[in-house]
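Visitor: Have a peek at target.cif (mmCIF, C-alpha atoms).
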```
data_target
loop_
_atom_site.label_atom_id
_atom_site.label_comp_id
_atom_site.auth_asym_id
_atom_site.auth_seq_id
_atom_site.Cartn_x
_atom_site.Cartn_y
_atom_site.Cartn_z
CA MET O 1023 4.69 17.10 -19.64
CA ARG O 1024 1.19 18.36 -18.93
CA ARG O 1025 -0.19 19.56 -15.62
CA ALA O 1026 -3.50 18.12 -14.39
CA PHE O 1027 -5.67 18.85 -11.36
CA ILE O 1028 -6.94 15.39 -10.44
CA LYS O 1029 -8.02 13.11 -7.61
CA GLY O 1030 -5.75 10.58 -6.00
CA ASN O 1031 -7.90 7.83 -7.47
CA ASP O 1032 -7.42 9.27 -10.97
CA ALA O 1033 -3.67 9.37 -10.39
CA VAL O 1034 -3.69 5.63 -9.68
CA VAL O 1035 -4.78 4.85 -13.23
CA CYS O 1036 -2.20 7.25 -14.67
CA GLY O 1037 0.53 5.56 -12.64
CA ALA O 1038 -0.67 2.13 -13.70
CA LEU O 1039 -0.58 3.05 -17.40
CA LEU O 1040 2.93 4.42 -17.00
CA ALA O 1041 3.98 1.09 -15.45
CA GLY O 1042 2.61 -0.88 -18.40
CA CYS O 1043 -0.70 -1.99 -16.90
CA ARG O 1044 -2.84 -3.33 -19.70
CA ALA O 1045 -5.58 -5.14 -17.79
CA PHE O 1046 -8.02 -4.05 -15.11
CA PHE O 1047 -10.66 -6.15 -13.38
CA GLY O 1048 -12.79 -4.60 -10.69
CA TYR O 1049 -16.15 -3.92 -9.13
CA PRO O 1050 -17.01 -0.28 -8.29
CA ILE O 1051 -17.15 0.58 -4.60
CA THR O 1052 -17.05 3.94 -2.83
CA PRO O 1053 -14.58 5.59 -2.20
CA ALA O 1054 -12.52 3.79 -4.89
CA SER O 1055 -15.02 3.91 -7.78
CA GLU O 1056 -13.16 6.50 -9.85
CA ILE O 1057 -10.34 4.00 -10.37
CA ALA O 1058 -12.69 1.54 -12.06
CA HIS O 1059 -14.39 4.29 -14.06
CA ASP O 1060 -11.09 5.72 -15.32
CA ALA O 1061 -9.65 2.28 -16.06
CA MET O 1062 -12.65 1.39 -18.23
CA GLU O 1063 -11.83 4.35 -20.47
CA ALA O 1064 -8.05 4.61 -20.33
CA ILE O 1065 -6.77 1.04 -20.43
CA PRO O 1066 -8.63 -0.09 -23.58
CA GLY O 1067 -7.43 3.14 -25.18
CA ALA O 1068 -3.85 2.00 -24.48
CA GLY O 1069 -4.48 -1.34 -26.17
CA GLY O 1070 -5.47 -3.25 -23.04
CA ILE O 1071 -8.62 -4.69 -21.52
CA ALA O 1072 -10.82 -3.51 -18.65
CA LEU O 1073 -13.76 -5.50 -17.30
CA GLN O 1074 -16.30 -4.92 -14.58
CA ALA O 1075 -16.39 -8.25 -12.78
CA GLU O 1076 -19.55 -9.61 -11.21
CA SER O 1077 -17.93 -9.48 -7.77
CA GLU O 1078 -14.65 -8.81 -5.99
CA VAL O 1079 -14.09 -12.57 -5.79
CA ALA O 1080 -14.26 -12.75 -9.58
CA ALA O 1081 -12.04 -9.69 -9.96
CA ILE O 1082 -9.17 -11.05 -7.86
CA ASN O 1083 -9.27 -14.38 -9.67
CA MET O 1084 -9.17 -12.58 -13.02
CA LEU O 1085 -6.12 -10.75 -11.69
CA TYR O 1086 -4.59 -14.11 -10.78
CA GLY O 1087 -5.19 -15.38 -14.30
CA ALA O 1088 -3.74 -12.29 -15.94
CA GLY O 1089 -0.63 -12.47 -13.76
CA ALA O 1090 -0.20 -16.14 -14.61
CA ALA O 1091 -0.13 -15.11 -18.28
CA GLY O 1092 2.56 -12.51 -17.57
CA VAL O 1093 0.22 -9.55 -18.07
CA ALA O 1094 0.55 -6.42 -15.90
CA ALA O 1095 -2.89 -6.18 -14.30
CA MET O 1096 -4.61 -4.33 -11.48
CA THR O 1097 -7.77 -4.27 -9.41
CA ALA O 1098 -9.13 -1.64 -7.03
CA THR O 1099 -11.56 -1.86 -4.14
CA SER O 1100 -12.38 -0.77 -0.60
CA GLY O 1101 -12.68 -2.59 2.72
CA PRO O 1102 -15.65 -4.94 2.11
CA GLY O 1103 -14.32 -5.91 -1.31
CA PHE O 1104 -10.77 -6.23 0.00
CA SER O 1105 -12.06 -8.79 2.52
CA LEU O 1106 -13.52 -10.86 -0.31
CA MET O 1107 -10.22 -10.79 -2.18
CA GLN O 1108 -8.13 -12.34 0.58
CA GLU O 1109 -8.40 -15.91 -0.68
CA GLY O 1110 -7.29 -14.89 -4.17
CA ILE O 1111 -4.41 -12.84 -2.80
CA SER O 1112 -3.30 -15.92 -0.84
CA TYR O 1113 -3.38 -17.99 -4.04
CA MET O 1114 -1.35 -15.36 -5.91
CA ALA O 1115 1.23 -15.15 -3.15
CA ALA O 1116 1.61 -18.94 -3.03
CA ALA O 1117 1.87 -19.26 -6.81
CA ARG O 1118 4.21 -16.23 -6.95
CA VAL O 1119 2.02 -14.39 -9.43
CA PRO O 1120 2.37 -10.60 -9.82
CA GLY O 1121 -0.53 -8.17 -9.67
CA VAL O 1122 -1.48 -4.86 -8.04
CA ILE O 1123 -4.36 -4.35 -5.63
CA VAL O 1124 -5.38 -0.79 -4.71
CA ASP O 1125 -7.45 -0.52 -1.53
CA VAL O 1126 -8.94 2.90 -0.80
CA MET O 1127 -10.06 2.36 2.78
CA ARG O 1128 -13.45 3.32 4.18
CA SER O 1129 -14.85 3.14 7.69
CA GLY O 1130 -15.78 -0.28 8.99
CA PRO O 1131 -16.21 -2.99 10.01
CA GLY O 1132 -19.10 -4.30 7.96
CA LEU O 1133 -20.55 -1.75 5.57
CA GLY O 1134 -19.53 1.06 7.93
CA ASN O 1135 -19.64 4.31 5.99
CA ILE O 1136 -17.67 6.00 3.23
CA GLY O 1137 -15.62 8.18 5.60
CA PRO O 1138 -11.83 7.95 5.90
CA GLU O 1139 -10.29 5.23 8.01
CA GLN O 1140 -7.14 3.12 8.11
CA GLY O 1141 -8.88 0.01 9.33
CA ASP O 1142 -7.57 -2.34 6.62
CA VAL O 1143 -3.94 -2.08 7.72
CA ALA O 1144 -3.84 -5.37 9.61
CA MET O 1145 -5.67 -7.16 6.79
CA ALA O 1146 -3.20 -5.80 4.23
CA ILE O 1147 -0.17 -6.89 6.27
CA TYR O 1148 -1.45 -10.14 7.79
CA GLY O 1149 -4.49 -11.04 5.68
CA GLY O 1150 -5.31 -14.19 3.80
CA HIS O 1151 -4.65 -17.73 4.96
CA GLY O 1152 -1.33 -19.43 5.44
CA ASP O 1153 1.94 -17.66 6.18
CA PHE O 1154 2.85 -15.06 3.57
CA ARG O 1155 3.62 -11.36 3.20
CA VAL O 1156 2.67 -8.78 0.60
CA PRO O 1157 4.37 -5.40 0.03
CA VAL O 1158 2.10 -2.58 1.23
CA PHE O 1159 2.61 1.02 0.09
CA ALA O 1160 0.97 3.90 2.01
CA PRO O 1161 0.67 7.13 -0.02
CA ASP O 1162 -0.23 10.49 1.52
CA SER O 1163 -0.72 12.60 -1.62
CA VAL O 1164 -1.97 12.53 -5.20
CA ARG O 1165 1.66 12.49 -6.32
CA GLU O 1166 2.33 9.38 -4.26
CA MET O 1167 -0.84 7.67 -5.49
CA PHE O 1168 0.72 8.03 -8.94
CA ASP O 1169 4.27 7.10 -7.99
CA MET O 1170 3.44 4.24 -5.63
CA THR O 1171 1.09 2.59 -8.09
CA SER O 1172 3.87 2.56 -10.66
CA LEU O 1173 6.31 1.31 -8.01
CA ALA O 1174 3.86 -1.43 -6.98
CA PHE O 1175 3.94 -2.86 -10.51
CA ASP O 1176 7.73 -2.82 -10.53
CA THR O 1177 7.77 -4.56 -7.14
CA ALA O 1178 5.16 -7.13 -8.15
CA PHE O 1179 7.13 -8.28 -11.18
CA ARG O 1180 10.59 -7.98 -9.63
CA TYR O 1181 9.64 -10.23 -6.70
CA ARG O 1182 6.79 -12.17 -8.34
CA THR O 1183 4.22 -11.17 -5.74
CA PRO O 1184 0.94 -9.33 -5.40
CA ALA O 1185 1.54 -5.78 -4.18
CA ILE O 1186 -0.90 -3.47 -2.39
CA VAL O 1187 -1.37 0.29 -2.55
CA LEU O 1188 -3.22 1.17 0.66
CA ALA O 1189 -4.78 4.64 0.83
CA ASP O 1190 -7.40 6.16 3.09
CA ALA O 1191 -10.49 7.76 1.57
CA PHE O 1192 -9.16 11.32 1.93
CA VAL O 1193 -6.03 10.57 -0.09
CA GLY O 1194 -8.10 8.82 -2.74
CA GLN O 1195 -10.63 11.64 -3.02
CA MET O 1196 -8.45 14.73 -2.55
CA MET O 1197 -7.46 16.77 -5.61
CA GLU O 1198 -3.99 18.18 -6.26
CA THR O 1199 -1.94 19.20 -9.28
CA LEU O 1200 0.17 16.51 -10.91
CA ASP O 1201 2.61 16.72 -13.81
CA LEU O 1202 1.98 13.82 -16.18
CA PRO O 1203 4.09 12.58 -19.09
CA ASP O 1204 2.66 13.23 -22.54
CA VAL O 1205 3.46 9.73 -23.83
CA LEU O 1206 3.65 6.27 -22.36
CA PRO O 1207 7.08 4.64 -21.94
CA ALA O 1208 8.53 2.34 -24.58
CA ALA O 1209 7.23 -1.21 -24.44
CA ASP O 1210 10.58 -2.62 -23.33
CA ALA O 1211 10.76 -0.24 -20.36
CA VAL O 1212 7.80 -1.62 -18.39
CA PRO O 1213 8.16 -4.14 -15.53
CA ALA O 1214 6.40 -6.99 -17.35
CA VAL O 1215 9.15 -6.88 -19.98
CA ARG O 1216 12.10 -6.09 -17.70
CA TYR O 1217 11.20 -8.95 -15.34
CA PRO O 1218 9.92 -11.78 -17.58
CA LEU O 1219 8.14 -14.65 -15.86
CA PRO O 1220 9.55 -18.07 -16.77
CA TYR O 1221 6.31 -19.80 -15.81
CA ALA O 1222 3.92 -17.56 -17.77
CA THR O 1223 1.23 -19.37 -19.73
CA ASP O 1224 0.50 -17.10 -22.68
CA GLY O 1225 -1.54 -19.44 -24.87
CA THR O 1226 1.31 -20.30 -27.23
CA THR O 1227 2.69 -23.76 -27.94
CA ALA O 1228 5.94 -22.82 -26.24
CA THR O 1229 4.18 -22.37 -22.89
CA SER O 1230 1.61 -25.14 -23.21
CA GLY O 1231 3.35 -27.25 -20.57
CA HIS O 1232 3.52 -24.52 -17.95
CA ILE O 1233 1.50 -24.98 -14.80
CA VAL O 1234 0.71 -22.16 -12.38
CA SER O 1235 -0.80 -23.38 -9.13
CA SER O 1236 -0.76 -22.82 -5.40
CA LEU O 1237 -1.56 -26.48 -4.77
CA GLU O 1238 1.16 -28.77 -3.41
CA LEU O 1239 0.02 -32.08 -1.90
CA VAL O 1240 3.48 -33.24 -0.72
CA PRO O 1241 4.24 -31.55 2.62
CA ALA O 1242 8.02 -31.50 2.14
CA ARG O 1243 7.68 -29.86 -1.26
CA LEU O 1244 5.24 -27.27 0.06
CA SER O 1245 7.69 -26.43 2.83
CA LEU O 1246 10.47 -25.92 0.26
CA LYS O 1247 8.21 -23.62 -1.78
CA ASN O 1248 7.50 -21.64 1.35
CA ASP O 1249 11.26 -21.41 1.99
CA ALA O 1250 11.73 -19.88 -1.46
CA ARG O 1251 9.02 -17.30 -0.81
CA PHE O 1252 10.49 -16.36 2.55
CA ASP O 1253 13.90 -15.91 0.93
CA ASP O 1254 12.20 -13.29 -1.25
CA TYR O 1255 10.57 -11.72 1.81
CA ALA O 1256 14.00 -11.40 3.42
CA ARG O 1257 15.23 -9.57 0.32
CA MET O 1258 12.18 -7.30 0.40
CA THR O 1259 12.83 -6.49 4.06
CA HIS O 1260 16.26 -5.15 3.13
CA GLU O 1261 15.42 -3.56 -0.22
CA LEU O 1262 11.87 -2.17 -0.06
CA PRO O 1263 11.29 -0.16 3.16
CA MET O 1264 10.51 3.49 2.48
CA THR O 1265 10.07 6.26 5.00
CA GLU O 1266 10.05 10.02 5.40
CA VAL O 1267 11.84 11.22 8.53
CA ASP O 1268 11.83 14.86 9.63
CA ASP O 1269 14.14 14.76 12.65
CA PRO O 1270 16.38 17.76 13.32
CA TYR O 1271 16.84 16.47 16.89
CA ARG O 1272 18.43 13.10 16.16
CA ASP O 1273 20.95 13.33 19.00
CA ALA O 1274 18.87 15.45 21.38
CA PRO O 1275 17.51 13.92 24.60
CA GLN O 1276 13.83 13.76 25.55
CA LYS O 1277 12.35 14.34 22.12
CA ILE O 1278 8.91 13.24 20.95
CA VAL O 1279 8.68 10.96 17.90
CA LEU O 1280 5.32 11.40 16.18
CA ILE O 1281 4.45 8.55 13.82
CA ALA O 1282 1.71 8.96 11.22
CA TYR O 1283 0.89 7.83 7.68
CA GLY O 1284 -1.66 8.68 5.01
CA ILE O 1285 -3.89 11.66 5.72
CA CYS O 1286 -2.82 11.67 9.39
CA ALA O 1287 0.75 12.48 8.37
CA ARG O 1288 -0.43 15.58 6.51
CA ILE O 1289 -2.32 16.81 9.57
CA ALA O 1290 0.56 15.90 11.88
CA ARG O 1291 2.96 18.15 9.93
CA GLU O 1292 0.97 21.21 11.02
CA ALA O 1293 1.04 20.09 14.65
CA VAL O 1294 4.80 19.51 14.45
CA ASP O 1295 5.40 23.02 13.09
CA VAL O 1296 3.42 24.58 15.96
CA ALA O 1297 5.12 22.38 18.58
CA ARG O 1298 8.56 23.35 17.32
CA SER O 1299 7.61 27.04 17.44
CA LEU O 1300 6.92 26.46 21.14
CA GLY O 1301 10.37 24.98 21.64
CA ILE O 1302 9.23 21.34 21.78
CA ARG O 1303 11.55 18.83 20.13
CA VAL O 1304 9.27 16.77 17.88
CA ALA O 1305 10.38 14.43 15.09
CA LEU O 1306 7.91 13.26 12.44
CA PHE O 1307 8.28 9.68 11.23
CA ARG O 1308 6.12 8.63 8.26
CA PRO O 1309 6.30 4.99 7.14
CA MET O 1310 5.71 4.89 3.38
CA THR O 1311 5.73 1.09 3.36
CA LEU O 1312 3.67 -0.61 6.03
CA TRP O 1313 5.22 -3.92 5.02
CA PRO O 1314 8.13 -4.18 5.01
CA PHE O 1315 7.99 -1.69 7.86
CA PRO O 1316 11.04 0.63 7.99
CA ALA O 1317 12.18 -0.87 11.29
CA SER O 1318 15.84 0.14 11.25
CA GLU O 1319 14.94 3.74 10.43
CA LEU O 1320 12.38 3.75 13.25
CA LEU O 1321 14.90 2.44 15.78
CA ALA O 1322 17.43 5.06 14.68
CA CYS O 1323 14.86 7.83 15.13
CA ALA O 1324 13.31 6.54 18.35
CA THR O 1325 16.34 6.71 20.63
CA SER O 1326 16.15 5.35 24.16
CA SER O 1327 15.32 8.78 25.56
CA ALA O 1328 12.53 9.52 23.11
CA LYS O 1329 8.81 9.22 23.72
CA ILE O 1330 6.74 7.76 20.89
CA THR O 1331 3.19 8.65 19.81
CA VAL O 1332 1.29 7.12 16.88
CA VAL O 1333 -1.58 8.93 15.15
CA GLU O 1334 -3.83 6.74 13.00
CA LEU O 1335 -7.42 6.16 11.92
CA ASN O 1336 -7.94 2.88 13.76
CA ARG O 1337 -7.60 1.59 17.33
CA GLY O 1338 -3.86 0.93 17.17
CA MET O 1339 -2.80 -1.30 14.27
CA ILE O 1340 0.53 0.39 13.53
CA ARG O 1341 0.89 1.38 17.17
CA GLY O 1342 1.02 -2.32 18.01
CA GLU O 1343 3.68 -2.85 15.33
CA VAL O 1344 5.76 0.01 16.73
CA GLU O 1345 5.48 -1.42 20.26
CA ARG O 1346 6.61 -4.81 18.97
CA LEU O 1347 9.61 -3.34 17.16
CA THR O 1348 10.75 -0.92 19.88
CA ARG O 1349 9.74 -3.11 22.85
CA ARG O 1350 8.62 0.04 24.62
CA PRO O 1351 5.30 1.59 25.65
CA VAL O 1352 3.84 3.76 22.89
CA SER O 1353 1.03 6.28 23.27
CA GLY O 1354 -1.52 6.91 20.56
CA LEU O 1355 -4.17 9.21 19.19
CA HIS O 1356 -6.78 7.08 17.48
CA ARG O 1357 -9.90 7.99 15.52
CA ASP O 1358 -12.29 5.88 13.50
CA GLY O 1359 -15.80 5.97 12.06
CA GLY O 1360 -14.73 8.61 9.55
CA ILE O 1361 -13.57 11.18 12.13
CA LEU O 1362 -10.21 12.86 11.52
CA PRO O 1363 -7.99 14.16 14.33
CA SER O 1364 -7.29 17.88 14.14
CA ALA O 1365 -3.85 19.45 14.32
CA ASP O 1366 -4.86 20.91 17.68
CA GLU O 1367 -5.70 17.45 19.03
CA ILE O 1368 -2.34 16.11 17.86
CA LEU O 1369 -0.60 19.07 19.48
CA GLU O 1370 -2.44 18.39 22.75
CA CYS O 1371 -1.28 14.78 22.57
CA VAL O 1372 2.32 15.97 22.14
CA MET O 1373 1.96 18.37 25.07
CA ARG O 1374 0.73 15.55 27.32
CA GLU O 1375 3.81 13.54 26.45
CA VAL O 1376 6.04 16.50 27.32
CA GLN O 1377 4.34 16.88 30.69
CA SER O 1378 4.26 13.18 31.58
#
```
Just dump the structure as structure tokens.
Guide:
Amino acid sequence: MRRAFIKGNDAVVCGALLAGCRAFFGYPITPASEIAHDAMEAIPGAGGIALQAESEVAAINMLYGAGAAGVAAMTATSGPGFSLMQEGISYMAAARVPGVIVDVMRSGPGLGNIGPEQGDVAMAIYGGHGDFRVPVFAPDSVREMFDMTSLAFDTAFRYRTPAIVLADAFVGQMMETLDLPDVLPAADAVPAVRYPLPYATDGTTATSGHIVSSLELVPARLSLKNDARFDDYARMTHELPMTEVDDPYRDAPQKIVLIAYGICARIAREAVDVARSLGIRVALFRPMTLWPFPASELLACATSSAKITVVELNRGMIRGEVERLTRRPVSGLHRDGGILPSADEILECVMREVQS
């Protein structure tokens, strides 16, 4: 092992290599550009290919093609580019083609600015056209940028789906120490080998008759294909949810459940520590997957006597999901435009809930 002091974006490429990624297609965009820069150097060095596409539309379709050939491939972008990729992600989901998309979110809408925001959450969960779902991982550290990228490849090939790593700009740009393996895993240990794709079209005679397509002109057949995908989504809902719950007051009445993810979760931890020192019962709930959302864990934490507050860098995207799941009113502390909430502001929000 070797210890490195690197950015979250750099850790993405390290995690991808460890997972067997051997193709990258992308178009540089702040605050995700380091991923493309690193991939251009590291992936060819590992025997793969890395190309700067002419646009994000081209990049996502290259990813589609690589996945159809059974190759572990990735792209990386930010909000404006992620918008352009939605059609391609829809095609990949319909054709059940694996691939990893890393979105390091910036402030929007439109060009916005390069400050931190979590404004792409709804697009990641409900984007594209037609009815489909895509696993969405939400890291809050350099370590998790590494781990979740590797996990996204495993998920993509296990379920034959595109998978998204969704990070805010702070998590992508922050630097922390990370222990990295000295060598890459054996070829037979990577997801593309452990979960072979029966439909892959690899250019050989043996696969010459394979067809990978999202097109189905017979309505009844399209409905059956959708049924098969939703069977996989049901499996994902049971098998994939990840969460971090810090709740020493599980059976205590009148507690506050503070929900946060990404950089907001890191700030919220400080506020929770101060609140507890004041005798306030506060539980911290951090969803690590935004889809599938850890619903059962949330309901176990948010007992009927608890009050719920969501802290996020948008106007209430996960707050709305929490309200839907709990069927209860949920308060929120929301910032956007690149402005982060402080620990003091989060503490004030908790205090208002105690007094209400």
Visitor: Which is closest to Ala1026 in chain O among O:Gly1354, O:Pro1203, O:Gly1134, O:Gly1359, if we use all atoms listed in the file?
Guide: O:Pro1203
Visitor: Within 6 Å of range 1030-1037 of chain O, counting all atoms listed in the file, which residues qualify if same-chain residues fewer than 5 places away don't, as a PDB file with C-alpha atoms, keeping the file's coordinate frame?
Guide:
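The new file selection-v5.pdb reads:
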```
ATOM      1  CA  GLU O1056     -13.160   6.500  -9.850  1.00  0.00           C
ATOM      2  CA  ILE O1057     -10.340   4.000 -10.370  1.00  0.00           C
ATOM      3  CA  VAL O1164      -1.970  12.530  -5.200  1.00  0.00           C
ATOM      4  CA  MET O1167      -0.840   7.670  -5.490  1.00  0.00           C
ATOM      5  CA  PHE O1168       0.720   8.030  -8.940  1.00  0.00           C
ATOM      6  CA  THR O1171       1.090   2.590  -8.090  1.00  0.00           C
ATOM      7  CA  SER O1172       3.870   2.560 -10.660  1.00  0.00           C
ATOM      8  CA  VAL O1193      -6.030  10.570  -0.090  1.00  0.00           C
ATOM      9  CA  GLY O1194      -8.100   8.820  -2.740  1.00  0.00           C
ATOM     10  CA  GLN O1195     -10.630  11.640  -3.020  1.00  0.00           C
TER      11      GLN O1195
END
```
Visitor: Report as a CSV table (one decimal) with C-alpha atoms, keeping the file's coordinate frame the residues that result from applying the PyMOL selection byres ((chain O and resi 1063) around 12) to the structure here.
Guide:
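Result written to selection.csv:
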```csv
chain,number,residue,atom,x,y,z
O,1032,ASP,CA,-7.4,9.3,-11.0
O,1035,VAL,CA,-4.8,4.8,-13.2
O,1036,CYS,CA,-2.2,7.2,-14.7
O,1039,LEU,CA,-0.6,3.0,-17.4
O,1044,ARG,CA,-2.8,-3.3,-19.7
O,1045,ALA,CA,-5.6,-5.1,-17.8
O,1046,PHE,CA,-8.0,-4.0,-15.1
O,1056,GLU,CA,-13.2,6.5,-9.8
O,1057,ILE,CA,-10.3,4.0,-10.4
O,1058,ALA,CA,-12.7,1.5,-12.1
O,1059,HIS,CA,-14.4,4.3,-14.1
O,1060,ASP,CA,-11.1,5.7,-15.3
O,1061,ALA,CA,-9.6,2.3,-16.1
O,1062,MET,CA,-12.6,1.4,-18.2
O,1064,ALA,CA,-8.0,4.6,-20.3
O,1065,ILE,CA,-6.8,1.0,-20.4
O,1066,PRO,CA,-8.6,-0.1,-23.6
O,1067,GLY,CA,-7.4,3.1,-25.2
O,1068,ALA,CA,-3.8,2.0,-24.5
O,1069,GLY,CA,-4.5,-1.3,-26.2
O,1070,GLY,CA,-5.5,-3.2,-23.0
O,1071,ILE,CA,-8.6,-4.7,-21.5
O,1072,ALA,CA,-10.8,-3.5,-18.6
O,1073,LEU,CA,-13.8,-5.5,-17.3
O,1074,GLN,CA,-16.3,-4.9,-14.6
```
Visitor: Using the chain letters and numbers from this file, what does the PyMOL selection byres ((chain O and resi 1152-1154) around 8) select? Give the answer as a list in words.
Guide: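 In the shown coordinates, the PyMOL selection byres ((chain O and resi 1152-1154) around 8) covers Ser1112, Ala1115, Ala1116, Tyr1148, Gly1150, His1151, Arg1155, Val1156, Arg1251 and Phe1252 of chain O.
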Visitor: Which residues are near Gly1342 in chain O? Cut-off 12 Å, all atoms listed in the file, ignore same chain within fewer than 4 positions. Put them as a list in words.
Guide: Val1143, Ala1144, Ile1330, Thr1331, Val1332, Val1333, Glu1334, Asn1336, Arg1337, Gly1338, Arg1346, Leu1347, Thr1348, Arg1349, Arg1350, Pro1351, Val1352, Ser1353 and Gly1354 of chain O
Visitor: With distances taken over only C-alpha atoms, which residue among O:Gly1042, O:Ala1160, O:Ser1378, O:Pro1138 lies nearest Ala1209 in chain O?
Guide: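 Comparing O:Gly1042, O:Ala1160, O:Ser1378, O:Pro1138 against Ala1209 in chain O, the winner is O:Gly1042.
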Visitor: Quick check, in Å to one decimal: how far apart do CA of Leu1362 in chain O and CA of Gly1048 in chain O lie?
Guide: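 Taking CA of Leu1362 in chain O and CA of Gly1048 in chain O, their separation equals 28.4 Å.
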Visitor: I need the output of the PyMOL selection byres ((chain O and resi 1278-1284) around 8) for this file as a short mmCIF file (atom, residue, chain, number, x, y, z; two decimals) with C-alpha atoms, keeping the file's coordinate frame; which residues are they?
Guide:
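Full text of expr-v8.cif as output:
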```cif
data_model
loop_
_atom_site.label_atom_id
_atom_site.label_comp_id
_atom_site.auth_asym_id
_atom_site.auth_seq_id
_atom_site.Cartn_x
_atom_site.Cartn_y
_atom_site.Cartn_z
CA ALA O 1160 0.97 3.90 2.01
CA PRO O 1161 0.67 7.13 -0.02
CA ASP O 1162 -0.23 10.49 1.52
CA SER O 1163 -0.72 12.60 -1.62
CA ALA O 1189 -4.78 4.64 0.83
CA ASP O 1190 -7.40 6.16 3.09
CA VAL O 1193 -6.03 10.57 -0.09
CA GLN O 1276 13.83 13.76 25.55
CA LYS O 1277 12.35 14.34 22.12
CA ILE O 1285 -3.89 11.66 5.72
CA CYS O 1286 -2.82 11.67 9.39
CA ALA O 1287 0.75 12.48 8.37
CA ARG O 1288 -0.43 15.58 6.51
CA ALA O 1290 0.56 15.90 11.88
CA ARG O 1303 11.55 18.83 20.13
CA VAL O 1304 9.27 16.77 17.88
CA ALA O 1305 10.38 14.43 15.09
CA LEU O 1306 7.91 13.26 12.44
CA PHE O 1307 8.28 9.68 11.23
CA ARG O 1308 6.12 8.63 8.26
CA PRO O 1309 6.30 4.99 7.14
CA MET O 1310 5.71 4.89 3.38
CA CYS O 1323 14.86 7.83 15.13
CA ALA O 1324 13.31 6.54 18.35
CA ALA O 1328 12.53 9.52 23.11
CA LYS O 1329 8.81 9.22 23.72
CA ILE O 1330 6.74 7.76 20.89
CA THR O 1331 3.19 8.65 19.81
CA VAL O 1332 1.29 7.12 16.88
CA VAL O 1333 -1.58 8.93 15.15
CA GLU O 1334 -3.83 6.74 13.00
CA VAL O 1372 2.32 15.97 22.14
CA GLU O 1375 3.81 13.54 26.45
CA VAL O 1376 6.04 16.50 27.32
#
```
Visitor: Just checking: using only C-alpha atoms, which residue out of O:Gly1360, O:Ser1245, O:Met1084, O:Ala1075 ends up closest to Gly1137 in chain O?
Guide: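 Smallest distance to Gly1137 in chain O is found for O:Gly1360.
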